[in-house]
file target22.txt (compact mmCIF, C-alpha atoms and all ligand atoms)
# COMPACT_ATOMS: atom_id res chain seq x y z
CA MET A 1142 10.54 3.06 9.88
CA SER A 1143 13.36 3.87 7.45
CA LEU A 1144 12.86 4.91 3.84
CA PRO A 1145 12.52 2.11 1.27
CA LYS A 1146 15.61 1.36 -0.86
CA GLN A 1147 13.53 0.97 -3.98
CA VAL A 1148 10.21 2.43 -5.09
CA LYS A 1149 7.85 1.20 -7.78
CA ILE A 1150 6.34 4.07 -9.73
CA VAL A 1151 2.95 3.37 -11.29
CA GLU A 1152 2.58 5.80 -14.18
CA VAL A 1153 -1.08 6.76 -14.50
CA GLY A 1154 -0.78 9.73 -16.89
CA PRO A 1155 -2.16 7.97 -19.98
CA ARG A 1156 -5.30 7.08 -17.97
CA ASP A 1157 -5.83 9.32 -14.95
CA GLY A 1158 -4.13 12.17 -16.75
CA LEU A 1159 -5.73 12.01 -20.17
CA GLN A 1160 -9.21 11.07 -18.88
CA ASN A 1161 -9.65 14.60 -17.63
CA GLU A 1162 -8.01 16.58 -20.40
CA PRO A 1163 -10.54 18.51 -22.48
CA SER A 1164 -8.93 17.40 -25.75
CA GLU A 1165 -9.55 13.86 -26.92
CA LEU A 1166 -6.28 12.57 -28.30
CA THR A 1167 -5.90 10.17 -31.19
CA VAL A 1168 -4.95 6.58 -30.48
CA ALA A 1169 -1.58 7.25 -32.17
CA THR A 1170 -0.79 10.14 -29.81
CA ARG A 1171 -1.79 8.10 -26.76
CA VAL A 1172 0.41 5.23 -27.95
CA ALA A 1173 3.35 7.57 -28.61
CA LEU A 1174 3.07 8.90 -25.05
CA ILE A 1175 2.97 5.41 -23.55
CA GLU A 1176 5.94 4.23 -25.65
CA ALA A 1177 7.94 7.31 -24.58
CA LEU A 1178 7.16 6.54 -20.94
CA ALA A 1179 8.27 2.92 -21.35
CA ASP A 1180 11.44 4.13 -23.12
CA ALA A 1181 12.09 6.37 -20.10
CA GLY A 1182 12.16 3.28 -17.87
CA LEU A 1183 8.66 3.16 -16.42
CA ARG A 1184 7.73 -0.46 -15.86
CA THR A 1185 4.06 -0.19 -14.85
CA ILE A 1186 1.93 2.07 -17.01
CA GLU A 1187 -1.84 2.49 -16.79
CA ALA A 1188 -2.55 2.70 -20.48
CA GLY A 1189 -6.33 2.97 -20.65
CA SER A 1190 -9.74 2.34 -19.24
CA PHE A 1191 -12.58 0.03 -20.27
CA VAL A 1192 -15.40 2.21 -19.02
CA SER A 1193 -18.47 3.66 -20.66
CA PRO A 1194 -17.39 6.08 -23.42
CA LYS A 1195 -20.51 8.10 -22.57
CA TRP A 1196 -19.09 8.69 -19.11
CA VAL A 1197 -15.43 9.17 -20.06
CA PRO A 1198 -15.08 9.83 -23.81
CA GLN A 1199 -11.33 10.43 -23.49
CA MET A 1200 -10.77 6.73 -22.80
CA ALA A 1201 -12.73 5.48 -25.84
CA GLY A 1202 -10.43 3.49 -28.10
CA SER A 1203 -8.46 1.91 -25.25
CA ALA A 1204 -8.61 -1.48 -27.02
CA GLU A 1205 -6.93 0.12 -30.05
CA VAL A 1206 -4.29 1.64 -27.77
CA PHE A 1207 -3.47 -1.79 -26.29
CA ALA A 1208 -3.40 -3.38 -29.77
CA ALA A 1209 -0.88 -0.82 -30.98
CA LEU A 1210 1.55 -1.04 -28.06
CA LYS A 1211 4.83 -2.79 -28.75
CA PRO A 1212 4.97 -5.82 -26.44
CA ARG A 1213 7.76 -5.41 -23.91
CA ALA A 1214 8.45 -8.24 -21.48
CA GLU A 1215 9.64 -5.83 -18.81
CA VAL A 1216 6.61 -3.49 -18.90
CA THR A 1217 3.13 -4.12 -17.51
CA TYR A 1218 0.37 -2.13 -19.18
CA THR A 1219 -2.71 -1.93 -17.00
CA ALA A 1220 -6.32 -0.77 -17.42
CA LEU A 1221 -9.35 0.13 -15.34
CA THR A 1222 -12.31 -2.29 -15.51
CA PRO A 1223 -15.39 -1.26 -13.48
CA ASN A 1224 -17.55 -4.27 -14.37
CA LEU A 1225 -17.61 -7.56 -16.28
CA GLN A 1226 -18.30 -5.76 -19.53
CA GLY A 1227 -15.10 -3.78 -19.07
CA LEU A 1228 -13.15 -6.85 -18.01
CA GLU A 1229 -14.26 -8.83 -21.06
CA ALA A 1230 -13.15 -5.99 -23.33
CA ALA A 1231 -9.82 -5.76 -21.49
CA LEU A 1232 -9.19 -9.50 -21.73
CA ALA A 1233 -10.04 -9.43 -25.45
CA ALA A 1234 -7.49 -6.63 -25.83
CA GLY A 1235 -4.83 -8.78 -24.15
CA VAL A 1236 -4.54 -6.69 -20.97
CA LYS A 1237 -2.42 -8.48 -18.34
CA GLU A 1238 -3.34 -6.43 -15.27
CA VAL A 1239 -6.60 -4.67 -14.48
CA ALA A 1240 -7.89 -2.47 -11.70
CA VAL A 1241 -11.27 -2.17 -10.06
CA PHE A 1242 -12.01 1.19 -8.50
CA GLY A 1243 -14.17 1.82 -5.47
CA ALA A 1244 -14.46 4.66 -3.00
CA ALA A 1245 -14.53 5.29 0.72
CA SER A 1246 -17.26 7.88 0.16
CA GLU A 1247 -20.84 6.95 -0.73
CA ALA A 1248 -21.46 10.23 -2.56
CA PHE A 1249 -18.35 9.83 -4.70
CA SER A 1250 -19.18 6.21 -5.50
CA GLN A 1251 -22.56 7.33 -6.87
CA LYS A 1252 -21.08 10.14 -8.98
CA ASN A 1253 -18.19 8.07 -10.31
CA ILE A 1254 -19.64 4.63 -10.95
CA ASN A 1255 -23.36 5.14 -10.37
CA CYS A 1256 -23.80 2.75 -7.43
CA THR A 1257 -23.31 2.46 -3.67
CA ILE A 1258 -20.06 1.24 -2.13
CA ALA A 1259 -21.68 -2.10 -1.27
CA GLU A 1260 -23.05 -2.49 -4.80
CA SER A 1261 -19.65 -1.66 -6.25
CA LEU A 1262 -17.92 -4.29 -4.12
CA ALA A 1263 -20.53 -6.87 -5.12
CA ARG A 1264 -19.90 -5.93 -8.76
CA PHE A 1265 -16.10 -6.11 -8.41
CA GLU A 1266 -16.10 -9.58 -6.86
CA PRO A 1267 -16.95 -11.47 -10.07
CA VAL A 1268 -14.68 -9.12 -12.04
CA ALA A 1269 -11.75 -10.01 -9.78
CA ARG A 1270 -12.62 -13.72 -9.88
CA ALA A 1271 -12.83 -13.78 -13.69
CA ALA A 1272 -9.60 -11.80 -14.03
CA LEU A 1273 -7.72 -14.10 -11.66
CA ASP A 1274 -9.12 -17.15 -13.49
CA ALA A 1275 -7.69 -15.67 -16.70
CA GLY A 1276 -4.29 -15.22 -15.03
CA VAL A 1277 -4.69 -11.44 -14.87
CA ALA A 1278 -3.62 -9.56 -11.74
CA VAL A 1279 -6.09 -7.18 -10.11
CA ARG A 1280 -5.32 -3.92 -8.36
CA GLY A 1281 -7.87 -2.19 -6.16
CA TYR A 1282 -8.27 1.56 -6.02
CA ILE A 1283 -10.03 3.42 -3.27
CA SER A 1284 -10.98 7.03 -4.01
CA CYS A 1285 -11.52 9.78 -1.46
CA VAL A 1286 -9.38 8.16 1.24
CA VAL A 1287 -8.99 11.45 3.14
CA GLY A 1288 -11.68 13.76 1.85
CA CYS A 1289 -14.58 13.80 -0.57
CA PRO A 1290 -15.72 16.76 -2.69
CA TYR A 1291 -19.35 16.00 -1.76
CA GLN A 1292 -19.11 14.54 1.73
CA GLY A 1293 -16.10 16.24 3.38
CA ALA A 1294 -13.70 14.38 5.69
CA ILE A 1295 -13.53 10.59 5.44
CA GLU A 1296 -12.84 8.34 8.41
CA PRO A 1297 -9.83 5.98 8.09
CA ALA A 1298 -12.11 3.13 9.25
CA ALA A 1299 -14.22 3.52 6.08
CA VAL A 1300 -11.06 3.12 4.00
CA ALA A 1301 -9.90 0.09 6.01
CA SER A 1302 -13.23 -1.66 5.49
CA VAL A 1303 -13.18 -1.21 1.68
CA ALA A 1304 -9.46 -2.12 1.52
CA GLN A 1305 -10.00 -5.39 3.36
CA GLN A 1306 -12.90 -6.35 1.11
CA LEU A 1307 -10.83 -5.62 -2.02
CA LEU A 1308 -7.96 -7.72 -0.66
CA ASP A 1309 -10.37 -10.52 0.25
CA MET A 1310 -11.56 -10.71 -3.36
CA GLY A 1311 -7.98 -11.10 -4.57
CA CYS A 1312 -6.60 -7.63 -5.26
CA TYR A 1313 -2.81 -7.84 -4.82
CA GLU A 1314 -2.48 -4.17 -3.92
CA ILE A 1315 -4.62 -1.27 -2.74
CA SER A 1316 -3.97 2.15 -4.19
CA LEU A 1317 -5.09 4.81 -1.74
CA GLY A 1318 -6.46 7.71 -3.74
CA ASP A 1319 -6.50 11.24 -2.43
CA THR A 1320 -8.80 12.10 -5.30
CA VAL A 1321 -9.23 15.77 -4.44
CA GLY A 1322 -5.70 16.29 -3.14
CA VAL A 1323 -6.74 17.58 0.28
CA ALA A 1324 -4.42 15.46 2.46
CA THR A 1325 -1.56 16.78 4.56
CA PRO A 1326 1.15 14.56 6.12
CA ASN A 1327 -0.62 14.22 9.50
CA ARG A 1328 -3.70 12.94 7.65
CA VAL A 1329 -1.49 10.46 5.80
CA THR A 1330 -0.20 9.13 9.13
CA ALA A 1331 -3.75 8.93 10.49
CA LEU A 1332 -4.80 6.99 7.39
CA LEU A 1333 -1.85 4.59 7.14
CA GLU A 1334 -1.39 3.69 10.81
CA PRO A 1335 -4.66 1.79 11.24
CA LEU A 1336 -4.33 0.19 7.79
CA GLN A 1337 -0.85 -1.07 8.65
CA ALA A 1338 -2.22 -2.74 11.78
CA THR A 1339 -3.99 -5.33 9.61
CA ILE A 1340 -2.60 -5.00 6.06
CA SER A 1341 0.98 -5.58 4.93
CA THR A 1342 2.60 -2.29 3.87
CA ARG A 1343 3.81 -4.09 0.71
CA GLN A 1344 0.16 -4.23 -0.38
CA LEU A 1345 -0.35 -0.48 -0.07
CA ALA A 1346 0.26 2.18 -2.72
CA VAL A 1347 -0.35 5.91 -2.53
CA HIS A 1348 -2.09 7.98 -5.20
CA PHE A 1349 -2.00 11.70 -4.51
CA HIS A 1350 -3.54 14.43 -6.58
CA ASP A 1351 -1.75 17.74 -6.10
CA THR A 1352 -4.65 20.21 -5.91
CA TYR A 1353 -3.29 21.98 -2.81
CA GLY A 1354 0.41 21.36 -3.52
CA GLN A 1355 0.74 18.78 -0.73
CA ALA A 1356 1.41 15.66 -2.79
CA LEU A 1357 5.19 15.47 -2.39
CA ALA A 1358 5.01 16.14 1.35
CA ASN A 1359 2.41 13.38 1.61
CA ILE A 1360 4.50 10.98 -0.46
CA TYR A 1361 7.52 11.65 1.73
CA ARG A 1362 5.47 10.82 4.81
CA ALA A 1363 4.21 7.61 3.16
CA LEU A 1364 7.79 6.64 2.24
CA GLU A 1365 8.83 7.23 5.86
CA MET A 1366 6.04 4.85 6.84
CA GLY A 1367 7.41 2.18 4.52
CA VAL A 1368 5.13 2.53 1.50
CA ALA A 1369 7.15 1.68 -1.62
CA THR A 1370 4.62 2.06 -4.45
CA VAL A 1371 3.70 5.52 -5.69
CA ASP A 1372 1.25 6.47 -8.45
CA SER A 1373 2.05 9.56 -10.49
CA SER A 1374 1.29 11.19 -13.80
CA VAL A 1375 3.79 12.56 -16.30
CA ALA A 1376 3.63 16.37 -16.52
CA GLY A 1377 1.07 16.31 -13.71
CA LEU A 1378 -1.63 15.62 -16.29
CA GLY A 1379 -5.27 15.34 -15.44
CA GLY A 1380 -7.59 15.52 -12.49
CA CYS A 1381 -10.79 13.65 -11.94
CA PRO A 1382 -13.96 14.13 -14.00
CA TYR A 1383 -16.09 13.44 -10.90
CA ALA A 1384 -14.17 15.65 -8.47
CA ALA A 1385 -14.59 19.27 -9.55
CA GLY A 1386 -11.48 21.35 -9.00
CA ALA A 1387 -9.18 18.38 -8.46
CA SER A 1388 -5.90 18.96 -10.23
CA GLY A 1389 -3.70 16.30 -11.78
CA ASN A 1390 -1.81 13.59 -9.99
CA VAL A 1391 1.56 14.51 -8.57
CA ALA A 1392 3.92 14.80 -11.56
CA THR A 1393 6.10 11.74 -12.14
CA GLU A 1394 9.05 14.09 -12.80
CA GLU A 1395 8.65 15.49 -9.24
CA VAL A 1396 8.54 12.00 -7.73
CA VAL A 1397 11.64 10.90 -9.65
CA TYR A 1398 13.52 14.06 -8.62
CA LEU A 1399 12.59 13.46 -4.97
CA LEU A 1400 13.63 9.80 -5.13
CA ASN A 1401 16.92 10.74 -6.82
CA GLY A 1402 17.65 13.19 -4.02
CA LEU A 1403 16.86 10.57 -1.40
CA GLY A 1404 19.04 7.94 -3.13
CA ILE A 1405 16.05 5.62 -3.65
CA GLU A 1406 16.15 3.37 -6.73
CA HIS A 1407 13.33 3.59 -9.28
CA GLY A 1408 14.79 2.84 -12.73
CA VAL A 1409 13.50 5.94 -14.54
CA ASP A 1410 15.63 8.25 -16.70
CA LEU A 1411 14.54 11.74 -15.57
CA ASN A 1412 15.62 13.53 -18.76
CA ALA A 1413 13.80 11.08 -21.03
CA LEU A 1414 10.72 11.33 -18.80
CA ALA A 1415 10.83 15.14 -18.89
CA ARG A 1416 11.00 15.05 -22.69
CA ALA A 1417 7.88 12.85 -22.75
CA GLY A 1418 6.15 15.32 -20.39
CA ALA A 1419 7.10 18.32 -22.53
CA ALA A 1420 5.90 16.56 -25.69
CA ILE A 1421 2.47 15.61 -24.34
CA SER A 1422 1.98 19.08 -22.80
CA ALA A 1423 2.70 20.64 -26.21
CA GLN A 1424 0.37 18.15 -27.88
CA LEU A 1425 -2.42 19.08 -25.45
CA ASN A 1426 -1.59 22.75 -25.83
CA ARG A 1427 -1.39 23.16 -22.07
CA PRO A 1428 1.38 24.40 -19.75
CA ASN A 1429 3.64 21.65 -18.43
CA GLY A 1430 2.24 20.79 -14.98
CA SER A 1431 5.63 19.58 -13.74
CA LYS A 1432 7.98 22.10 -12.12
CA VAL A 1433 10.87 19.69 -12.64
CA GLY A 1434 9.88 19.33 -16.30
CA ARG A 1435 9.84 23.12 -16.72
CA ALA A 1436 13.19 23.51 -14.96
CA LEU A 1437 14.83 20.88 -17.15
CA ALA A 1438 13.36 22.42 -20.30
CA GLY A 1439 14.56 25.90 -19.31
P1 LIG A 1501 -24.12 2.65 -15.66
O1 LIG A 1501 -24.77 3.64 -16.58
O2 LIG A 1501 -24.63 2.55 -14.26
O3 LIG A 1501 -24.03 1.18 -16.28
O4 LIG A 1501 -22.57 2.97 -15.62
P2 LIG A 1501 -25.00 0.23 -17.01
O5 LIG A 1501 -24.49 -1.14 -16.71
O6 LIG A 1501 -26.42 0.57 -16.69
O7 LIG A 1501 -24.72 0.52 -18.56
C1 LIG A 1501 -25.14 1.73 -19.17
C2 LIG A 1501 -24.46 1.86 -20.54
O8 LIG A 1501 -23.03 1.86 -20.37
C3 LIG A 1501 -24.78 0.69 -21.49
O9 LIG A 1501 -24.72 1.23 -22.81
C4 LIG A 1501 -23.58 -0.21 -21.31
O10 LIG A 1501 -23.34 -1.00 -22.46
C5 LIG A 1501 -22.47 0.79 -21.12
P3 LIG A 1501 -26.04 1.72 -23.60
O11 LIG A 1501 -26.93 0.52 -23.58
O12 LIG A 1501 -26.61 2.88 -22.80
O13 LIG A 1501 -25.51 2.13 -24.92
N1 LIG A 1501 -21.35 0.21 -20.37
C6 LIG A 1501 -20.10 0.15 -20.82
N2 LIG A 1501 -19.51 0.55 -21.95
C7 LIG A 1501 -18.21 0.31 -22.09
N3 LIG A 1501 -17.45 -0.27 -21.12
C8 LIG A 1501 -17.99 -0.68 -19.97
C9 LIG A 1501 -19.37 -0.46 -19.79
N4 LIG A 1501 -20.20 -0.73 -18.76
C10 LIG A 1501 -21.43 -0.32 -19.14
N5 LIG A 1501 -17.22 -1.23 -19.03
C11 LIG A 1501 -20.26 2.49 -15.27
C12 LIG A 1501 -21.69 2.26 -14.80
C13 LIG A 1501 -19.30 2.02 -14.21
C14 LIG A 1501 -20.04 1.73 -16.58
C15 LIG A 1501 -20.10 4.00 -15.54
O14 LIG A 1501 -20.48 4.70 -14.41
C16 LIG A 1501 -18.71 4.40 -15.96
O15 LIG A 1501 -18.18 3.97 -16.99
N6 LIG A 1501 -18.08 5.27 -15.15
C17 LIG A 1501 -16.75 5.75 -15.46
C18 LIG A 1501 -16.03 5.99 -14.21
C19 LIG A 1501 -14.62 6.42 -14.50
O16 LIG A 1501 -13.98 5.95 -15.42
N7 LIG A 1501 -14.13 7.33 -13.63
C20 LIG A 1501 -12.78 7.77 -13.70
C21 LIG A 1501 -11.85 6.71 -13.20
S1 LIG A 1501 -11.79 6.56 -11.43
C22 LIG A 1501 -10.61 7.71 -10.94
O17 LIG A 1501 -10.17 8.50 -11.73
C23 LIG A 1501 -10.09 7.64 -9.54
C24 LIG A 1501 -8.71 7.02 -9.44
O18 LIG A 1501 -7.77 7.71 -10.23
C25 LIG A 1501 -8.24 7.05 -7.96
C26 LIG A 1501 -8.39 8.44 -7.33
O19 LIG A 1501 -7.75 9.38 -7.77
O20 LIG A 1501 -9.19 8.52 -6.41
C27 LIG A 1501 -8.71 5.56 -9.89
MG MG A 1502 -6.75 9.54 -9.61
call {"tool": "encode", "arguments": {"input": "target22.txt", "output": "structure tokens"}}
result
Amino acid sequence: MSLPKQVKIVEVGPRDGLQNEPSELTVATRVALIEALADAGLRTIEAGSFVSPKWVPQMAGSAEVFAALKPRAEVTYTALTPNLQGLEAALAAGVKEVAVFGAASEAFSQKNINCTIAESLARFEPVARAALDAGVAVRGYISCVVGCPYQGAIEPAAVASVAQQLLDMGCYEISLGDTVGVATPNRVTALLEPLQATISTRQLAVHFHDTYGQALANIYRALEMGVATVDSSVAGLGGCPYAAGASGNVATEEVVYLLNGLGIEHGVDLNALARAGAAISAQLNRPNGSKVGRALAG
């Protein structure tokens, strides 16, 4: 298959990134980051998470973040909602797209959302139904699509089963999460091939963490296989609170640089994005996790 002409970047830094940073940022700083990302041309931005603040304190105040964002017709701000309680809070905050998040690994499901895979799917079904009834789109995440920090290698069939159930409940897209960043391109092929036998490639997104430095190679393989939606995080922020050692998502700056080199459209201004990445890294008092960001700043 040839490379896509256009790629949709889903910016997850303000959620997946910040949820694992040791510093808890103010609502104003989170909003400033999100506005800078929208100014840079990102059109889908995961802006927060309606989860238990006891589990993920960094995402407390997500309703205030949504309330403070300048409405922009061209930008979709999304949020994670693990249950009806989270969905109700998201709807009250005016969120227009939500995501449920399951796993292909039983052990990870327990650590992350405190229930089995089957229980999680049963819990997501009414969440998806209520969201769709409210005119809100639902994305489905699957964590540990290649490997699990507790369980080791994951079979593609386990991923396919969860993906189909998420689609059946009305998710418009499945984001395939390599939560611990262990995949290599051959594993990406082994994962995508069986999924593509039954699921339209347009409904698949890839979500690579870069723990072992393989994310860009994996994204390139996914692009070759026709996938045209890529999740990434400005400045490579974050990790996963329930996957020890997992580093941040692939940096959005790296994805944009790759797409520029390949002549694939994405709509993001790399310099403006790199400035947003430098600013949030300084704010968090951490080194910029994007090589492209560091090169442009140098
Ligand atoms: P639980 O303890 O089993 O739930 O948590 P519960 O229903 O028994 O409720 C316990 C308490 O949590 C109660 O409060 C509820 O009110 C409260 P208390 O009475 O003790 O004061 N609660 C909530 N509060 C706010 N918002 C809610 C909510 N629900 C219950 N929505 C639960 C179950 C799912 C809530 C919990 O495990 C949780 O919040 N987990 C957070 C998981 C999370 O955010 N993980 C990170 C995101 S996933 C990820 O990063 C992977 C991804 O990036 C893809 C990849 O890379 O693989 C997406
Ligand atoms: Mg993630």
call {"tool": "closest_residue", "arguments": {"input": "target22.txt", "among": "A:Phe1349, A:Phe1249, A:Tyr1361, A:Phe1265", "to": "ligand MG 1502 (chain A)", "atoms": "all atoms listed in the file"}}
result
A:Phe1349
call {"tool": "atom_distance", "arguments": {"input": "target22.txt", "atom1": "atom CA of A:Thr1393", "atom2": "atom CA of A:Gly1367"}}
result
19.3 Å
call {"tool": "closest_atom_pairs", "arguments": {"input": "target22.txt", "of": "chain A", "to": "ligand LIG 1501 (chain A)", "cutoff": "6 Å", "atoms": "all atoms listed in the file", "output": "JSON lines"}}
result
{"residue": "A:Asp1157", "atom": "CA", "partner": "A:LIG1501", "partner_atom": "O18", "distance": 5.4}
{"residue": "A:Phe1191", "atom": "CA", "partner": "A:LIG1501", "partner_atom": "N3", "distance": 5.0}
{"residue": "A:Val1192", "atom": "CA", "partner": "A:LIG1501", "partner_atom": "N3", "distance": 3.8}
{"residue": "A:Ser1193", "atom": "CA", "partner": "A:LIG1501", "partner_atom": "N2", "distance": 3.5}
{"residue": "A:Pro1194", "atom": "CA", "partner": "A:LIG1501", "partner_atom": "C7", "distance": 6.0}
{"residue": "A:Trp1196", "atom": "CA", "partner": "A:LIG1501", "partner_atom": "C17", "distance": 5.2}
{"residue": "A:Val1197", "atom": "CA", "partner": "A:LIG1501", "partner_atom": "O16", "distance": 5.8}
{"residue": "A:Pro1223", "atom": "CA", "partner": "A:LIG1501", "partner_atom": "C13", "distance": 5.2}
{"residue": "A:Asn1224", "atom": "CA", "partner": "A:LIG1501", "partner_atom": "N5", "distance": 5.6}
{"residue": "A:Gln1226", "atom": "CA", "partner": "A:LIG1501", "partner_atom": "N5", "distance": 4.7}
{"residue": "A:Gly1227", "atom": "CA", "partner": "A:LIG1501", "partner_atom": "N5", "distance": 3.3}
{"residue": "A:Phe1242", "atom": "CA", "partner": "A:LIG1501", "partner_atom": "C27", "distance": 5.6}
{"residue": "A:Asn1253", "atom": "CA", "partner": "A:LIG1501", "partner_atom": "C18", "distance": 4.9}
{"residue": "A:Ile1254", "atom": "CA", "partner": "A:LIG1501", "partner_atom": "O14", "distance": 3.6}
{"residue": "A:Asn1255", "atom": "CA", "partner": "A:LIG1501", "partner_atom": "O2", "distance": 4.8}
{"residue": "A:Tyr1282", "atom": "CA", "partner": "A:LIG1501", "partner_atom": "C27", "distance": 5.6}
{"residue": "A:Ser1284", "atom": "CA", "partner": "A:LIG1501", "partner_atom": "O20", "distance": 3.3}
{"residue": "A:Cys1285", "atom": "CA", "partner": "A:LIG1501", "partner_atom": "O20", "distance": 5.6}
{"residue": "A:Gly1318", "atom": "CA", "partner": "A:LIG1501", "partner_atom": "O20", "distance": 3.9}
{"residue": "A:Asp1319", "atom": "CA", "partner": "A:LIG1501", "partner_atom": "O20", "distance": 5.5}
{"residue": "A:Thr1320", "atom": "CA", "partner": "A:LIG1501", "partner_atom": "O20", "distance": 3.8}
{"residue": "A:Cys1381", "atom": "CA", "partner": "A:LIG1501", "partner_atom": "O17", "distance": 5.2}
call {"tool": "closest_residue", "arguments": {"input": "target22.txt", "among": "A:Lys1432, A:His1350, A:His1407, A:Lys1211", "to": "ligand MG 1502 (chain A)", "atoms": "all atoms listed in the file"}}
result
A:His1350
call {"tool": "residues_near_ligand", "arguments": {"input": "target22.txt", "ligand": "ligand MG 1502 (chain A)", "cutoff": "12 Å", "atoms": "only C-alpha atoms and all ligand atoms", "output": "MDAnalysis selection string"}}
result
chainID A and resid 1151:1161 1187 1221 1242:1244 1253 1282:1286 1316:1322 1347:1352 1371:1374 1377:1384 1387:1391
call {"tool": "atom_distance", "arguments": {"input": "target22.txt", "atom1": "atom CA of A:Ala1220", "atom2": "atom CA of A:Ala1301"}}
result
23.7 Å
call {"tool": "atom_distance", "arguments": {"input": "target22.txt", "atom1": "atom CA of A:Val1279", "atom2": "atom CA of A:Ser1143"}}
result
28.4 Å
call {"tool": "residues_near_point", "arguments": {"input": "target22.txt", "point": "(-7.4, 4.9, -28.5)", "cutoff": "12 Å", "atoms": "all atoms listed in the file", "output": "number ranges by chain"}}
result
A: 1155-1156, 1159-1160, 1165-1175, 1188-1191, 1194, 1198-1210, 1234
call {"tool": "build_atoms", "arguments": {"input": "target22.txt", "residues": "stretch 1168-1184 of chain A", "atoms": "N, CA and C atoms", "output": "PDB file, in the frame of the given file"}}
result
ATOM      1  N   VAL A1168      -5.588   7.794 -30.991  1.00  0.00           N
ATOM      2  CA  VAL A1168      -4.950   6.580 -30.480  1.00  0.00           C
ATOM      3  C   VAL A1168      -3.441   6.679 -30.690  1.00  0.00           C
ATOM      4  N   ALA A1169      -3.020   7.172 -31.857  1.00  0.00           N
ATOM      5  CA  ALA A1169      -1.580   7.250 -32.170  1.00  0.00           C
ATOM      6  C   ALA A1169      -0.849   8.134 -31.164  1.00  0.00           C
ATOM      7  N   THR A1170      -1.456   9.244 -30.769  1.00  0.00           N
ATOM      8  CA  THR A1170      -0.790  10.140 -29.810  1.00  0.00           C
ATOM      9  C   THR A1170      -0.728   9.492 -28.437  1.00  0.00           C
ATOM     10  N   ARG A1171      -1.807   8.792 -28.060  1.00  0.00           N
ATOM     11  CA  ARG A1171      -1.790   8.100 -26.760  1.00  0.00           C
ATOM     12  C   ARG A1171      -0.706   7.018 -26.758  1.00  0.00           C
ATOM     13  N   VAL A1172      -0.604   6.288 -27.865  1.00  0.00           N
ATOM     14  CA  VAL A1172       0.410   5.230 -27.950  1.00  0.00           C
ATOM     15  C   VAL A1172       1.814   5.833 -27.900  1.00  0.00           C
ATOM     16  N   ALA A1173       2.012   6.936 -28.601  1.00  0.00           N
ATOM     17  CA  ALA A1173       3.350   7.570 -28.610  1.00  0.00           C
ATOM     18  C   ALA A1173       3.743   7.988 -27.196  1.00  0.00           C
ATOM     19  N   LEU A1174       2.784   8.518 -26.444  1.00  0.00           N
ATOM     20  CA  LEU A1174       3.070   8.900 -25.050  1.00  0.00           C
ATOM     21  C   LEU A1174       3.483   7.679 -24.237  1.00  0.00           C
ATOM     22  N   ILE A1175       2.714   6.610 -24.354  1.00  0.00           N
ATOM     23  CA  ILE A1175       2.970   5.410 -23.550  1.00  0.00           C
ATOM     24  C   ILE A1175       4.339   4.808 -23.922  1.00  0.00           C
ATOM     25  N   GLU A1176       4.639   4.769 -25.211  1.00  0.00           N
ATOM     26  CA  GLU A1176       5.940   4.230 -25.650  1.00  0.00           C
ATOM     27  C   GLU A1176       7.083   5.101 -25.091  1.00  0.00           C
ATOM     28  N   ALA A1177       6.887   6.421 -25.099  1.00  0.00           N
ATOM     29  CA  ALA A1177       7.940   7.310 -24.580  1.00  0.00           C
ATOM     30  C   ALA A1177       8.143   7.077 -23.085  1.00  0.00           C
ATOM     31  N   LEU A1178       7.055   6.802 -22.380  1.00  0.00           N
ATOM     32  CA  LEU A1178       7.160   6.540 -20.940  1.00  0.00           C
ATOM     33  C   LEU A1178       7.884   5.218 -20.681  1.00  0.00           C
ATOM     34  N   ALA A1179       7.577   4.213 -21.494  1.00  0.00           N
ATOM     35  CA  ALA A1179       8.270   2.920 -21.350  1.00  0.00           C
ATOM     36  C   ALA A1179       9.746   3.093 -21.695  1.00  0.00           C
ATOM     37  N   ASP A1180      10.040   3.868 -22.752  1.00  0.00           N
ATOM     38  CA  ASP A1180      11.440   4.130 -23.120  1.00  0.00           C
ATOM     39  C   ASP A1180      12.183   4.831 -21.985  1.00  0.00           C
ATOM     40  N   ALA A1181      11.454   5.648 -21.215  1.00  0.00           N
ATOM     41  CA  ALA A1181      12.090   6.370 -20.100  1.00  0.00           C
ATOM     42  C   ALA A1181      12.340   5.468 -18.895  1.00  0.00           C
ATOM     43  N   GLY A1182      11.863   4.228 -18.961  1.00  0.00           N
ATOM     44  CA  GLY A1182      12.160   3.280 -17.870  1.00  0.00           C
ATOM     45  C   GLY A1182      10.995   2.949 -16.979  1.00  0.00           C
ATOM     46  N   LEU A1183       9.817   3.511 -17.264  1.00  0.00           N
ATOM     47  CA  LEU A1183       8.660   3.160 -16.420  1.00  0.00           C
ATOM     48  C   LEU A1183       8.236   1.727 -16.717  1.00  0.00           C
ATOM     49  N   ARG A1184       7.969   0.972 -15.700  1.00  0.00           N
ATOM     50  CA  ARG A1184       7.730  -0.460 -15.860  1.00  0.00           C
ATOM     51  C   ARG A1184       6.275  -0.853 -15.598  1.00  0.00           C
TER      52      ARG A1184
END
